[in-house]
Each structure stands twice: as structure tokens, then as C-alpha cells.
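Engineer: Sharing data_7.txt (compact mmCIF, N, CA and C atoms) below.
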```txt
# COMPACT_ATOMS: atom_id res chain seq x y z
N MET A 1 116.09 141.85 88.56
CA MET A 1 115.16 142.64 89.34
C MET A 1 114.58 141.78 90.46
N ASP A 2 114.54 142.35 91.63
CA ASP A 2 113.95 141.63 92.75
C ASP A 2 112.60 142.28 93.10
N ASP A 3 111.99 141.79 94.17
CA ASP A 3 110.67 142.28 94.57
C ASP A 3 110.70 143.77 94.91
N ILE A 4 111.77 144.23 95.53
CA ILE A 4 111.85 145.65 95.88
C ILE A 4 111.91 146.50 94.61
N ASP A 5 112.69 146.07 93.61
CA ASP A 5 112.73 146.80 92.34
C ASP A 5 111.34 146.86 91.71
N ARG A 6 110.62 145.76 91.77
CA ARG A 6 109.26 145.74 91.20
C ARG A 6 108.34 146.69 91.95
N ARG A 7 108.50 146.77 93.26
CA ARG A 7 107.68 147.69 94.05
C ARG A 7 108.06 149.14 93.74
N ILE A 8 109.34 149.40 93.52
CA ILE A 8 109.77 150.75 93.12
C ILE A 8 109.16 151.10 91.77
N LEU A 9 109.21 150.17 90.83
CA LEU A 9 108.59 150.41 89.52
C LEU A 9 107.10 150.67 89.65
N ALA A 10 106.42 149.90 90.49
CA ALA A 10 104.98 150.10 90.69
C ALA A 10 104.72 151.51 91.24
N ALA A 11 105.55 151.95 92.17
CA ALA A 11 105.39 153.29 92.73
C ALA A 11 105.63 154.36 91.67
N LEU A 12 106.63 154.15 90.81
CA LEU A 12 106.90 155.10 89.73
C LEU A 12 105.77 155.13 88.71
N LEU A 13 105.19 153.96 88.42
CA LEU A 13 104.07 153.92 87.48
C LEU A 13 102.84 154.62 88.05
N LYS A 14 102.68 154.51 89.35
CA LYS A 14 101.55 155.17 89.99
C LYS A 14 101.75 156.68 90.03
N ASN A 15 102.98 157.12 90.33
CA ASN A 15 103.28 158.55 90.40
C ASN A 15 104.76 158.75 90.10
N ALA A 16 105.07 159.03 88.84
CA ALA A 16 106.46 159.19 88.42
C ALA A 16 107.11 160.43 89.02
N ARG A 17 106.31 161.31 89.61
CA ARG A 17 106.86 162.52 90.22
C ARG A 17 107.11 162.35 91.71
N ALA A 18 106.86 161.15 92.22
CA ALA A 18 107.12 160.90 93.64
C ALA A 18 108.62 161.05 93.91
N THR A 19 108.95 161.57 95.06
CA THR A 19 110.36 161.71 95.43
C THR A 19 110.92 160.34 95.81
N PHE A 20 112.25 160.25 95.78
CA PHE A 20 112.88 159.00 96.21
C PHE A 20 112.54 158.72 97.66
N GLY A 21 112.40 159.77 98.47
CA GLY A 21 112.01 159.59 99.87
C GLY A 21 110.62 159.01 100.00
N GLU A 22 109.68 159.52 99.19
CA GLU A 22 108.30 159.00 99.23
C GLU A 22 108.27 157.53 98.80
N ILE A 23 109.00 157.23 97.75
CA ILE A 23 109.05 155.84 97.28
C ILE A 23 109.72 154.97 98.34
N GLY A 24 110.79 155.49 98.94
CA GLY A 24 111.48 154.74 99.99
C GLY A 24 110.57 154.41 101.15
N SER A 25 109.70 155.35 101.54
CA SER A 25 108.74 155.09 102.62
C SER A 25 107.80 153.95 102.26
N THR A 26 107.45 153.87 100.98
CA THR A 26 106.53 152.83 100.51
C THR A 26 107.20 151.45 100.49
N VAL A 27 108.48 151.43 100.09
CA VAL A 27 109.15 150.13 99.90
C VAL A 27 110.09 149.76 101.03
N GLY A 28 110.26 150.67 102.00
CA GLY A 28 111.10 150.36 103.15
C GLY A 28 112.59 150.58 102.93
N LEU A 29 112.94 151.57 102.11
CA LEU A 29 114.35 151.90 101.87
C LEU A 29 114.57 153.39 102.08
N SER A 30 115.82 153.78 102.22
CA SER A 30 116.16 155.20 102.29
C SER A 30 116.09 155.80 100.88
N ALA A 31 115.99 157.12 100.82
CA ALA A 31 115.96 157.81 99.53
C ALA A 31 117.21 157.50 98.69
N PRO A 32 118.43 157.54 99.29
CA PRO A 32 119.62 157.22 98.49
C PRO A 32 119.60 155.78 97.95
N ALA A 33 119.07 154.85 98.73
CA ALA A 33 119.00 153.46 98.28
C ALA A 33 118.03 153.34 97.10
N VAL A 34 116.90 154.06 97.16
CA VAL A 34 115.94 154.04 96.05
C VAL A 34 116.60 154.64 94.81
N LYS A 35 117.30 155.77 94.99
CA LYS A 35 117.96 156.42 93.85
C LYS A 35 118.96 155.47 93.20
N ARG A 36 119.75 154.78 94.00
CA ARG A 36 120.72 153.83 93.44
C ARG A 36 120.02 152.76 92.62
N ARG A 37 118.92 152.23 93.16
CA ARG A 37 118.18 151.18 92.45
C ARG A 37 117.57 151.72 91.15
N VAL A 38 117.00 152.92 91.21
CA VAL A 38 116.42 153.52 90.00
C VAL A 38 117.52 153.75 88.97
N ASP A 39 118.66 154.30 89.39
CA ASP A 39 119.77 154.52 88.48
C ASP A 39 120.23 153.21 87.85
N LYS A 40 120.27 152.15 88.65
CA LYS A 40 120.68 150.84 88.14
C LYS A 40 119.67 150.31 87.11
N MET A 41 118.37 150.53 87.38
CA MET A 41 117.35 150.08 86.43
C MET A 41 117.39 150.90 85.14
N VAL A 42 117.72 152.18 85.24
CA VAL A 42 117.89 153.00 84.04
C VAL A 42 119.09 152.49 83.23
N ALA A 43 120.21 152.29 83.90
CA ALA A 43 121.43 151.81 83.23
C ALA A 43 121.23 150.43 82.62
N GLY A 44 120.44 149.59 83.30
CA GLY A 44 120.21 148.22 82.82
C GLY A 44 119.11 148.11 81.78
N GLY A 45 118.42 149.21 81.49
CA GLY A 45 117.38 149.19 80.46
C GLY A 45 116.01 148.77 80.94
N GLN A 46 115.85 148.48 82.25
CA GLN A 46 114.52 148.14 82.74
C GLN A 46 113.61 149.37 82.73
N ILE A 47 114.20 150.53 83.02
CA ILE A 47 113.47 151.80 82.89
C ILE A 47 114.06 152.47 81.66
N THR A 48 113.20 152.74 80.69
CA THR A 48 113.69 153.27 79.42
C THR A 48 113.47 154.77 79.27
N GLY A 49 112.85 155.39 80.25
CA GLY A 49 112.65 156.84 80.17
C GLY A 49 111.57 157.28 81.12
N PHE A 50 111.42 158.58 81.20
CA PHE A 50 110.39 159.19 82.03
C PHE A 50 109.63 160.16 81.13
N THR A 51 108.33 160.21 81.28
CA THR A 51 107.54 161.03 80.38
C THR A 51 106.29 161.55 81.08
N ALA A 52 105.68 162.55 80.48
CA ALA A 52 104.39 163.05 80.96
C ALA A 52 103.30 162.43 80.10
N LEU A 53 102.22 162.00 80.73
CA LEU A 53 101.07 161.51 80.00
C LEU A 53 100.12 162.68 79.79
N VAL A 54 99.75 162.92 78.55
CA VAL A 54 98.91 164.06 78.22
C VAL A 54 97.56 163.55 77.75
N ASN A 55 96.51 164.18 78.22
CA ASN A 55 95.17 163.84 77.77
C ASN A 55 95.06 164.18 76.29
N PRO A 56 94.76 163.21 75.42
CA PRO A 56 94.70 163.48 73.98
C PRO A 56 93.72 164.60 73.63
N VAL A 57 92.65 164.74 74.40
CA VAL A 57 91.68 165.80 74.13
C VAL A 57 92.32 167.17 74.28
N ALA A 58 93.29 167.31 75.19
CA ALA A 58 93.99 168.58 75.37
C ALA A 58 94.76 168.96 74.11
N LEU A 59 95.12 167.98 73.29
CA LEU A 59 95.81 168.24 72.03
C LEU A 59 94.82 168.36 70.87
N GLY A 60 93.53 168.26 71.18
CA GLY A 60 92.51 168.33 70.14
C GLY A 60 92.23 166.99 69.49
N TRP A 61 92.86 165.92 69.99
CA TRP A 61 92.66 164.60 69.40
C TRP A 61 91.44 163.94 70.06
N THR A 62 90.31 164.04 69.40
CA THR A 62 89.07 163.47 69.94
C THR A 62 88.63 162.22 69.18
N THR A 63 89.35 161.88 68.13
CA THR A 63 88.99 160.74 67.30
C THR A 63 90.21 159.85 67.16
N GLU A 64 89.99 158.54 67.29
CA GLU A 64 91.12 157.63 67.12
C GLU A 64 90.68 156.37 66.41
N ALA A 65 91.66 155.73 65.80
CA ALA A 65 91.40 154.50 65.05
C ALA A 65 92.62 153.60 65.13
N TYR A 66 92.38 152.33 64.89
CA TYR A 66 93.44 151.36 64.70
C TYR A 66 93.35 150.92 63.24
N VAL A 67 94.47 151.03 62.54
CA VAL A 67 94.50 150.73 61.12
C VAL A 67 95.38 149.51 60.88
N GLU A 68 94.78 148.46 60.34
CA GLU A 68 95.55 147.29 59.92
C GLU A 68 96.13 147.61 58.56
N VAL A 69 97.43 147.39 58.40
CA VAL A 69 98.09 147.67 57.13
C VAL A 69 98.60 146.36 56.54
N TYR A 70 98.22 146.12 55.29
CA TYR A 70 98.59 144.91 54.57
C TYR A 70 99.55 145.32 53.45
N TYR A 71 100.79 144.85 53.51
CA TYR A 71 101.78 145.18 52.50
C TYR A 71 101.79 144.13 51.40
N ARG A 72 102.21 144.53 50.21
CA ARG A 72 102.24 143.62 49.06
C ARG A 72 103.31 142.54 49.22
N ASP A 73 104.36 142.83 49.95
CA ASP A 73 105.42 141.86 50.21
C ASP A 73 105.97 142.12 51.60
N ASN A 74 107.00 141.42 51.96
CA ASN A 74 107.56 141.57 53.31
C ASN A 74 108.07 142.99 53.53
N ILE A 75 107.93 143.44 54.77
CA ILE A 75 108.44 144.76 55.14
C ILE A 75 109.13 144.63 56.48
N SER A 76 110.25 145.28 56.62
CA SER A 76 111.01 145.18 57.86
C SER A 76 110.46 146.16 58.90
N PRO A 77 110.65 145.86 60.17
CA PRO A 77 110.26 146.83 61.20
C PRO A 77 110.95 148.18 61.02
N ALA A 78 112.19 148.17 60.56
CA ALA A 78 112.91 149.43 60.35
C ALA A 78 112.22 150.28 59.27
N GLU A 79 111.77 149.62 58.20
CA GLU A 79 111.08 150.37 57.14
C GLU A 79 109.71 150.86 57.62
N LEU A 80 109.03 150.04 58.42
CA LEU A 80 107.76 150.50 59.00
C LEU A 80 107.98 151.80 59.77
N ARG A 81 108.99 151.80 60.63
CA ARG A 81 109.30 152.99 61.42
C ARG A 81 109.63 154.17 60.51
N ARG A 82 110.48 153.94 59.52
CA ARG A 82 110.92 155.01 58.64
C ARG A 82 109.76 155.65 57.88
N THR A 83 108.78 154.84 57.46
CA THR A 83 107.69 155.38 56.65
C THR A 83 106.53 155.93 57.48
N LEU A 84 106.34 155.41 58.69
CA LEU A 84 105.19 155.84 59.48
C LEU A 84 105.52 156.88 60.55
N GLU A 85 106.74 156.91 61.03
CA GLU A 85 107.12 157.85 62.08
C GLU A 85 106.91 159.31 61.70
N PRO A 86 107.11 159.71 60.44
CA PRO A 86 106.93 161.12 60.09
C PRO A 86 105.47 161.61 60.14
N ILE A 87 104.52 160.70 60.25
CA ILE A 87 103.10 161.08 60.28
C ILE A 87 102.72 161.37 61.73
N PRO A 88 102.49 162.65 62.09
CA PRO A 88 102.28 162.99 63.50
C PRO A 88 101.06 162.34 64.13
N GLN A 89 100.05 162.02 63.36
CA GLN A 89 98.84 161.39 63.90
C GLN A 89 99.05 159.92 64.23
N VAL A 90 100.14 159.33 63.75
CA VAL A 90 100.47 157.94 64.07
C VAL A 90 101.16 157.95 65.43
N VAL A 91 100.46 157.40 66.44
CA VAL A 91 100.99 157.43 67.80
C VAL A 91 101.53 156.07 68.25
N GLY A 92 101.34 155.05 67.44
CA GLY A 92 101.87 153.73 67.76
C GLY A 92 101.85 152.82 66.54
N VAL A 93 102.85 151.95 66.45
CA VAL A 93 102.93 150.98 65.36
C VAL A 93 103.43 149.67 65.93
N CYS A 94 102.74 148.59 65.60
CA CYS A 94 103.16 147.25 66.04
C CYS A 94 103.17 146.31 64.84
N THR A 95 104.16 145.43 64.78
CA THR A 95 104.05 144.31 63.85
C THR A 95 103.17 143.28 64.54
N ILE A 96 102.40 142.56 63.75
CA ILE A 96 101.46 141.61 64.34
C ILE A 96 101.45 140.29 63.57
N ALA A 97 101.00 139.24 64.23
CA ALA A 97 100.80 137.95 63.58
C ALA A 97 99.41 137.96 62.97
N GLY A 98 99.24 137.20 61.93
CA GLY A 98 97.95 137.15 61.26
C GLY A 98 98.07 137.69 59.85
N GLU A 99 96.95 138.06 59.27
CA GLU A 99 96.96 138.51 57.88
C GLU A 99 97.62 139.87 57.71
N ALA A 100 97.31 140.81 58.57
CA ALA A 100 97.89 142.15 58.46
C ALA A 100 99.36 142.11 58.85
N ASP A 101 100.12 143.04 58.31
CA ASP A 101 101.54 143.14 58.64
C ASP A 101 101.80 144.07 59.81
N ALA A 102 100.94 145.07 59.97
CA ALA A 102 101.16 146.06 61.02
C ALA A 102 99.81 146.57 61.52
N LEU A 103 99.83 146.99 62.78
CA LEU A 103 98.67 147.64 63.39
C LEU A 103 99.13 149.04 63.78
N VAL A 104 98.44 150.04 63.24
CA VAL A 104 98.83 151.43 63.43
C VAL A 104 97.76 152.14 64.24
N HIS A 105 98.17 152.77 65.35
CA HIS A 105 97.26 153.54 66.20
C HIS A 105 97.32 154.99 65.74
N VAL A 106 96.16 155.52 65.38
CA VAL A 106 96.06 156.88 64.85
C VAL A 106 95.16 157.69 65.76
N MET A 107 95.60 158.92 66.10
CA MET A 107 94.77 159.85 66.87
C MET A 107 94.70 161.15 66.08
N ALA A 108 93.49 161.73 66.02
CA ALA A 108 93.28 162.91 65.18
C ALA A 108 92.17 163.79 65.76
N THR A 109 92.00 164.94 65.13
CA THR A 109 90.99 165.89 65.60
C THR A 109 89.58 165.48 65.19
N ASP A 110 89.45 164.81 64.05
CA ASP A 110 88.12 164.43 63.57
C ASP A 110 88.25 163.35 62.51
N MET A 111 87.11 162.92 61.96
CA MET A 111 87.13 161.85 60.96
C MET A 111 87.86 162.27 59.69
N ALA A 112 87.75 163.53 59.32
CA ALA A 112 88.44 163.99 58.12
C ALA A 112 89.95 163.82 58.27
N GLU A 113 90.47 164.12 59.45
CA GLU A 113 91.91 163.96 59.68
C GLU A 113 92.30 162.49 59.72
N ILE A 114 91.43 161.64 60.25
CA ILE A 114 91.69 160.18 60.20
C ILE A 114 91.79 159.76 58.74
N GLU A 115 90.86 160.22 57.92
CA GLU A 115 90.86 159.85 56.50
C GLU A 115 92.14 160.31 55.80
N VAL A 116 92.56 161.55 56.04
CA VAL A 116 93.79 162.07 55.45
C VAL A 116 94.98 161.24 55.91
N THR A 117 95.00 160.86 57.18
CA THR A 117 96.10 160.08 57.72
C THR A 117 96.16 158.70 57.08
N VAL A 118 95.00 158.05 56.94
CA VAL A 118 94.97 156.74 56.29
C VAL A 118 95.45 156.86 54.84
N GLU A 119 95.07 157.93 54.18
CA GLU A 119 95.54 158.15 52.81
C GLU A 119 97.06 158.33 52.78
N ARG A 120 97.63 159.01 53.77
CA ARG A 120 99.09 159.16 53.83
C ARG A 120 99.76 157.80 54.02
N ILE A 121 99.15 156.94 54.85
CA ILE A 121 99.69 155.59 55.04
C ILE A 121 99.66 154.84 53.71
N ARG A 122 98.59 155.00 52.96
CA ARG A 122 98.42 154.29 51.68
C ARG A 122 99.33 154.83 50.57
N GLU A 123 99.93 156.01 50.77
CA GLU A 123 100.82 156.57 49.75
C GLU A 123 102.03 155.68 49.49
N ASN A 124 102.41 154.88 50.45
CA ASN A 124 103.52 153.95 50.27
C ASN A 124 103.10 152.94 49.21
N ALA A 125 103.86 152.86 48.12
CA ALA A 125 103.50 151.99 47.00
C ALA A 125 103.43 150.52 47.40
N ARG A 126 104.08 150.17 48.51
CA ARG A 126 104.08 148.77 48.94
C ARG A 126 102.81 148.39 49.71
N VAL A 127 102.01 149.37 50.11
CA VAL A 127 100.78 149.07 50.85
C VAL A 127 99.75 148.54 49.87
N GLY A 128 99.26 147.34 50.16
CA GLY A 128 98.22 146.74 49.32
C GLY A 128 96.84 147.22 49.70
N ARG A 129 96.58 147.24 51.01
CA ARG A 129 95.27 147.70 51.49
C ARG A 129 95.37 148.00 52.98
N THR A 130 94.34 148.65 53.47
CA THR A 130 94.23 148.92 54.90
C THR A 130 92.82 148.57 55.35
N ARG A 131 92.68 148.39 56.65
CA ARG A 131 91.36 148.19 57.24
C ARG A 131 91.36 148.94 58.56
N SER A 132 90.40 149.84 58.73
CA SER A 132 90.37 150.71 59.91
C SER A 132 89.24 150.34 60.85
N SER A 133 89.54 150.44 62.15
CA SER A 133 88.53 150.28 63.19
C SER A 133 88.56 151.54 64.04
N LEU A 134 87.41 152.19 64.17
CA LEU A 134 87.33 153.41 64.95
C LEU A 134 87.07 153.10 66.41
N VAL A 135 87.70 153.85 67.29
CA VAL A 135 87.51 153.69 68.72
C VAL A 135 86.27 154.50 69.10
N MET A 136 85.31 153.84 69.73
CA MET A 136 84.10 154.53 70.18
C MET A 136 84.29 155.12 71.57
N SER A 137 84.88 154.32 72.48
CA SER A 137 85.19 154.83 73.82
C SER A 137 86.28 153.97 74.42
N ARG A 138 87.06 154.59 75.30
CA ARG A 138 88.11 153.87 76.03
C ARG A 138 87.51 153.40 77.35
N ILE A 139 87.64 152.14 77.63
CA ILE A 139 87.04 151.55 78.83
C ILE A 139 88.08 151.34 79.92
N LEU A 140 89.25 150.84 79.56
CA LEU A 140 90.26 150.49 80.56
C LEU A 140 91.64 150.72 79.97
N GLU A 141 92.48 151.39 80.74
CA GLU A 141 93.89 151.54 80.37
C GLU A 141 94.69 151.34 81.63
N ARG A 142 95.68 150.49 81.54
CA ARG A 142 96.54 150.20 82.68
C ARG A 142 97.96 150.66 82.38
N PRO A 143 98.68 151.08 83.39
CA PRO A 143 100.11 151.36 83.16
C PRO A 143 100.80 150.06 82.80
N ARG A 144 101.79 150.15 81.94
CA ARG A 144 102.52 148.96 81.52
C ARG A 144 103.58 148.64 82.54
N THR A 145 103.44 147.46 83.17
CA THR A 145 104.39 147.07 84.21
C THR A 145 105.32 146.00 83.71
```
Let me see the file written as C-alpha cells.
Structural biologist:
Amino acid sequence: MDDIDRRILAALLKNARATFGEIGSTVGLSAPAVKRRVDKMVAGGQITGFTALVNPVALGWTTEAYVEVYYRDNISPAELRRTLEPIPQVVGVCTIAGEADALVHVMATDMAEIEVTVERIRENARVGRTRSSLVMSRILERPRT
């Protein structure tokens, strides 16, 4: 990736619905040249998809938490995905360094749904314990570049 590719990515992060012509005007290329570069970045895996960002409140999700999950023994990332992906309130899972094995981002309609979701996470016999931190307010979110 060169500087122009990075500028194209920045333009897409700012407005993924911008036309190739609009992006081209920003980066100094023609629309077909931008399209070729975007296609190349998609094929090369630098761009992994296009999506709509939805306000969680529009889905009724007004409560969120981060749940540290401590397993009794080692767990693979594949098993983490297999056991946590079916829970719709789980919107993100990361393996982490430190005492906990995973950090799970949960979004729900209220505290009762957070509690039910944490209980679903704990249903896995390999889970030793969890520790939850509730989000009080979101201060800063940046697009991932």
C-alpha cells in the first residue's frame, strides 16, 4: 500500500458511500483508477468488507458491558468463536494477555438482558468465572485505519 491507497482508505472510512469520482477528486485520480485500487485492496485483503454502521440505540441496545472471561484451562480462539458467536448480544470477542482469557463486548436492552447474557456465557462448563464492567458513556470512537 502506498500513500494514495492510504488516502483512499481514509476517504472510505470517512464516507464509505462516496463515489469513486468523489474519492478520485480528493486523492487526485480518475474514478476508474480509484476503482482499480479499491478492487486491488479488496483482492489483497486490505479491505475486508463494506458495512453500515447502525446506532445501537436504534436496535434497542442502551446498555453495554465488557466481560472478562476466565477459563479453567486453555481455550482456542476457534472454540471461543464457536461458543460465543451464537449469543446475539455478544458483539465482539478478543483474546487478551493477562489473567483473563477473553474480553467479550456485550450490548443489550437493559441490565436484565446483560445478566442473562453473562449467564449464557457462564453456561460453558469450562468457564471458571467472569468479571463485568458496565459502560457508563462512550466518549471517543475512531474509525479503524
Engineer: Take atom N of Leu13 (chain A) and CA of Ile47 (chain A) and report the distance between them in Å, one decimal.
Structural biologist: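 Result for atom N of Leu13 (chain A) versus CA of Ile47 (chain A): 10.2 Å, one decimal.
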Engineer: One decimal, in Å: what's the spacing between atom C of Cys94 (chain A) and atom N of Ser137 (chain A)?
Structural biologist: 21.4 Å
Engineer: One decimal, Å: what's the distance from CA of Asp110 (chain A) over to CA of Trp61 (chain A), could you say?
Structural biologist: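 Computing it gives 7.4 Å between the two atoms.
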Engineer: So, counting all atoms listed in the file, which residue among A:Ala78, A:Arg142, A:Val104, A:Val69 is closest to Gly128 (chain A)?
Structural biologist: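 Selected residue with least distance to Gly128 (chain A): A:Val69.
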Engineer: Looking at A:Met107, A:Met41, A:Ile4, A:Val93, which one is nearest to Ile23 (chain A), with distances taken over only C-alpha atoms?
Structural biologist: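 Residue with the minimum atom-to-atom distance to Ile23 (chain A): A:Ile4.
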Engineer: May I have the residues at most 8 Å from (96.2, 164.6, 66.7) in the file's coordinates, counting only N, CA and C atoms, as a list in words?
Structural biologist: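 Answer for this query, in the requested form: Pro56, Leu59, Gly60, Trp61, Thr62, Thr63, Pro88, Gln89, Val90, Val106, Met107, Ala108, Thr109 and Asp110 of chain A.
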Engineer: When you count only C-alpha atoms, which of these residues is closest to Ala65 (chain A): A:Ala16, A:Glu141, A:Val91, A:Arg6?
Structural biologist: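 The answer is A:Val91, which sits nearest to Ala65 (chain A).
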Engineer: Since the input is missing atoms, can you rebuild N, CA, C and O atoms for region 35-55 of chain A and write them as a PDB file, keeping the file's coordinate frame?
Structural biologist:
```pdb
ATOM      1  N   LYS A  35     117.300 155.770  94.990  1.00  0.00           N
ATOM      2  CA  LYS A  35     117.960 156.420  93.850  1.00  0.00           C
ATOM      3  C   LYS A  35     118.960 155.470  93.200  1.00  0.00           C
ATOM      4  O   LYS A  35     119.021 155.368  91.963  1.00  0.00           O
ATOM      5  N   ARG A  36     119.750 154.780  94.000  1.00  0.00           N
ATOM      6  CA  ARG A  36     120.720 153.830  93.440  1.00  0.00           C
ATOM      7  C   ARG A  36     120.020 152.760  92.620  1.00  0.00           C
ATOM      8  O   ARG A  36     120.473 152.388  91.530  1.00  0.00           O
ATOM      9  N   ARG A  37     118.920 152.230  93.160  1.00  0.00           N
ATOM     10  CA  ARG A  37     118.180 151.180  92.450  1.00  0.00           C
ATOM     11  C   ARG A  37     117.570 151.720  91.150  1.00  0.00           C
ATOM     12  O   ARG A  37     117.603 151.043  90.117  1.00  0.00           O
ATOM     13  N   VAL A  38     117.000 152.920  91.210  1.00  0.00           N
ATOM     14  CA  VAL A  38     116.420 153.520  90.000  1.00  0.00           C
ATOM     15  C   VAL A  38     117.520 153.750  88.970  1.00  0.00           C
ATOM     16  O   VAL A  38     117.359 153.419  87.780  1.00  0.00           O
ATOM     17  N   ASP A  39     118.660 154.300  89.390  1.00  0.00           N
ATOM     18  CA  ASP A  39     119.770 154.520  88.480  1.00  0.00           C
ATOM     19  C   ASP A  39     120.230 153.210  87.850  1.00  0.00           C
ATOM     20  O   ASP A  39     120.531 153.142  86.646  1.00  0.00           O
ATOM     21  N   LYS A  40     120.270 152.150  88.650  1.00  0.00           N
ATOM     22  CA  LYS A  40     120.680 150.840  88.140  1.00  0.00           C
ATOM     23  C   LYS A  40     119.670 150.310  87.110  1.00  0.00           C
ATOM     24  O   LYS A  40     120.053 149.742  86.083  1.00  0.00           O
ATOM     25  N   MET A  41     118.370 150.530  87.380  1.00  0.00           N
ATOM     26  CA  MET A  41     117.350 150.080  86.430  1.00  0.00           C
ATOM     27  C   MET A  41     117.390 150.900  85.140  1.00  0.00           C
ATOM     28  O   MET A  41     117.131 150.372  84.057  1.00  0.00           O
ATOM     29  N   VAL A  42     117.720 152.180  85.240  1.00  0.00           N
ATOM     30  CA  VAL A  42     117.890 153.000  84.040  1.00  0.00           C
ATOM     31  C   VAL A  42     119.090 152.490  83.230  1.00  0.00           C
ATOM     32  O   VAL A  42     118.998 152.261  82.023  1.00  0.00           O
ATOM     33  N   ALA A  43     120.210 152.290  83.900  1.00  0.00           N
ATOM     34  CA  ALA A  43     121.430 151.810  83.230  1.00  0.00           C
ATOM     35  C   ALA A  43     121.230 150.430  82.620  1.00  0.00           C
ATOM     36  O   ALA A  43     121.760 150.130  81.552  1.00  0.00           O
ATOM     37  N   GLY A  44     120.440 149.590  83.300  1.00  0.00           N
ATOM     38  CA  GLY A  44     120.210 148.220  82.820  1.00  0.00           C
ATOM     39  C   GLY A  44     119.110 148.110  81.780  1.00  0.00           C
ATOM     40  O   GLY A  44     118.875 147.035  81.240  1.00  0.00           O
ATOM     41  N   GLY A  45     118.420 149.210  81.490  1.00  0.00           N
ATOM     42  CA  GLY A  45     117.380 149.190  80.460  1.00  0.00           C
ATOM     43  C   GLY A  45     116.010 148.770  80.940  1.00  0.00           C
ATOM     44  O   GLY A  45     115.076 148.696  80.152  1.00  0.00           O
ATOM     45  N   GLN A  46     115.850 148.480  82.250  1.00  0.00           N
ATOM     46  CA  GLN A  46     114.520 148.140  82.740  1.00  0.00           C
ATOM     47  C   GLN A  46     113.610 149.370  82.730  1.00  0.00           C
ATOM     48  O   GLN A  46     112.420 149.265  82.510  1.00  0.00           O
ATOM     49  N   ILE A  47     114.200 150.530  83.020  1.00  0.00           N
ATOM     50  CA  ILE A  47     113.470 151.800  82.890  1.00  0.00           C
ATOM     51  C   ILE A  47     114.060 152.470  81.660  1.00  0.00           C
ATOM     52  O   ILE A  47     115.250 152.738  81.600  1.00  0.00           O
ATOM     53  N   THR A  48     113.200 152.740  80.690  1.00  0.00           N
ATOM     54  CA  THR A  48     113.690 153.270  79.420  1.00  0.00           C
ATOM     55  C   THR A  48     113.470 154.770  79.270  1.00  0.00           C
ATOM     56  O   THR A  48     113.838 155.344  78.252  1.00  0.00           O
ATOM     57  N   GLY A  49     112.850 155.390  80.250  1.00  0.00           N
ATOM     58  CA  GLY A  49     112.650 156.840  80.170  1.00  0.00           C
ATOM     59  C   GLY A  49     111.570 157.280  81.120  1.00  0.00           C
ATOM     60  O   GLY A  49     110.879 156.476  81.742  1.00  0.00           O
ATOM     61  N   PHE A  50     111.420 158.580  81.200  1.00  0.00           N
ATOM     62  CA  PHE A  50     110.390 159.190  82.030  1.00  0.00           C
ATOM     63  C   PHE A  50     109.630 160.160  81.130  1.00  0.00           C
ATOM     64  O   PHE A  50     110.231 160.853  80.307  1.00  0.00           O
ATOM     65  N   THR A  51     108.330 160.210  81.280  1.00  0.00           N
ATOM     66  CA  THR A  51     107.540 161.030  80.380  1.00  0.00           C
ATOM     67  C   THR A  51     106.290 161.550  81.080  1.00  0.00           C
ATOM     68  O   THR A  51     105.898 161.041  82.128  1.00  0.00           O
ATOM     69  N   ALA A  52     105.680 162.550  80.480  1.00  0.00           N
ATOM     70  CA  ALA A  52     104.390 163.050  80.960  1.00  0.00           C
ATOM     71  C   ALA A  52     103.300 162.430  80.100  1.00  0.00           C
ATOM     72  O   ALA A  52     103.445 162.314  78.881  1.00  0.00           O
ATOM     73  N   LEU A  53     102.220 162.000  80.730  1.00  0.00           N
ATOM     74  CA  LEU A  53     101.070 161.510  80.000  1.00  0.00           C
ATOM     75  C   LEU A  53     100.120 162.680  79.790  1.00  0.00           C
ATOM     76  O   LEU A  53      99.740 163.356  80.747  1.00  0.00           O
ATOM     77  N   VAL A  54      99.750 162.920  78.550  1.00  0.00           N
ATOM     78  CA  VAL A  54      98.910 164.060  78.220  1.00  0.00           C
ATOM     79  C   VAL A  54      97.560 163.550  77.750  1.00  0.00           C
ATOM     80  O   VAL A  54      97.479 162.600  76.956  1.00  0.00           O
ATOM     81  N   ASN A  55      96.510 164.180  78.220  1.00  0.00           N
ATOM     82  CA  ASN A  55      95.170 163.840  77.770  1.00  0.00           C
ATOM     83  C   ASN A  55      95.060 164.180  76.290  1.00  0.00           C
ATOM     84  O   ASN A  55      95.258 165.337  75.905  1.00  0.00           O
TER      85      ASN A  55
END
```
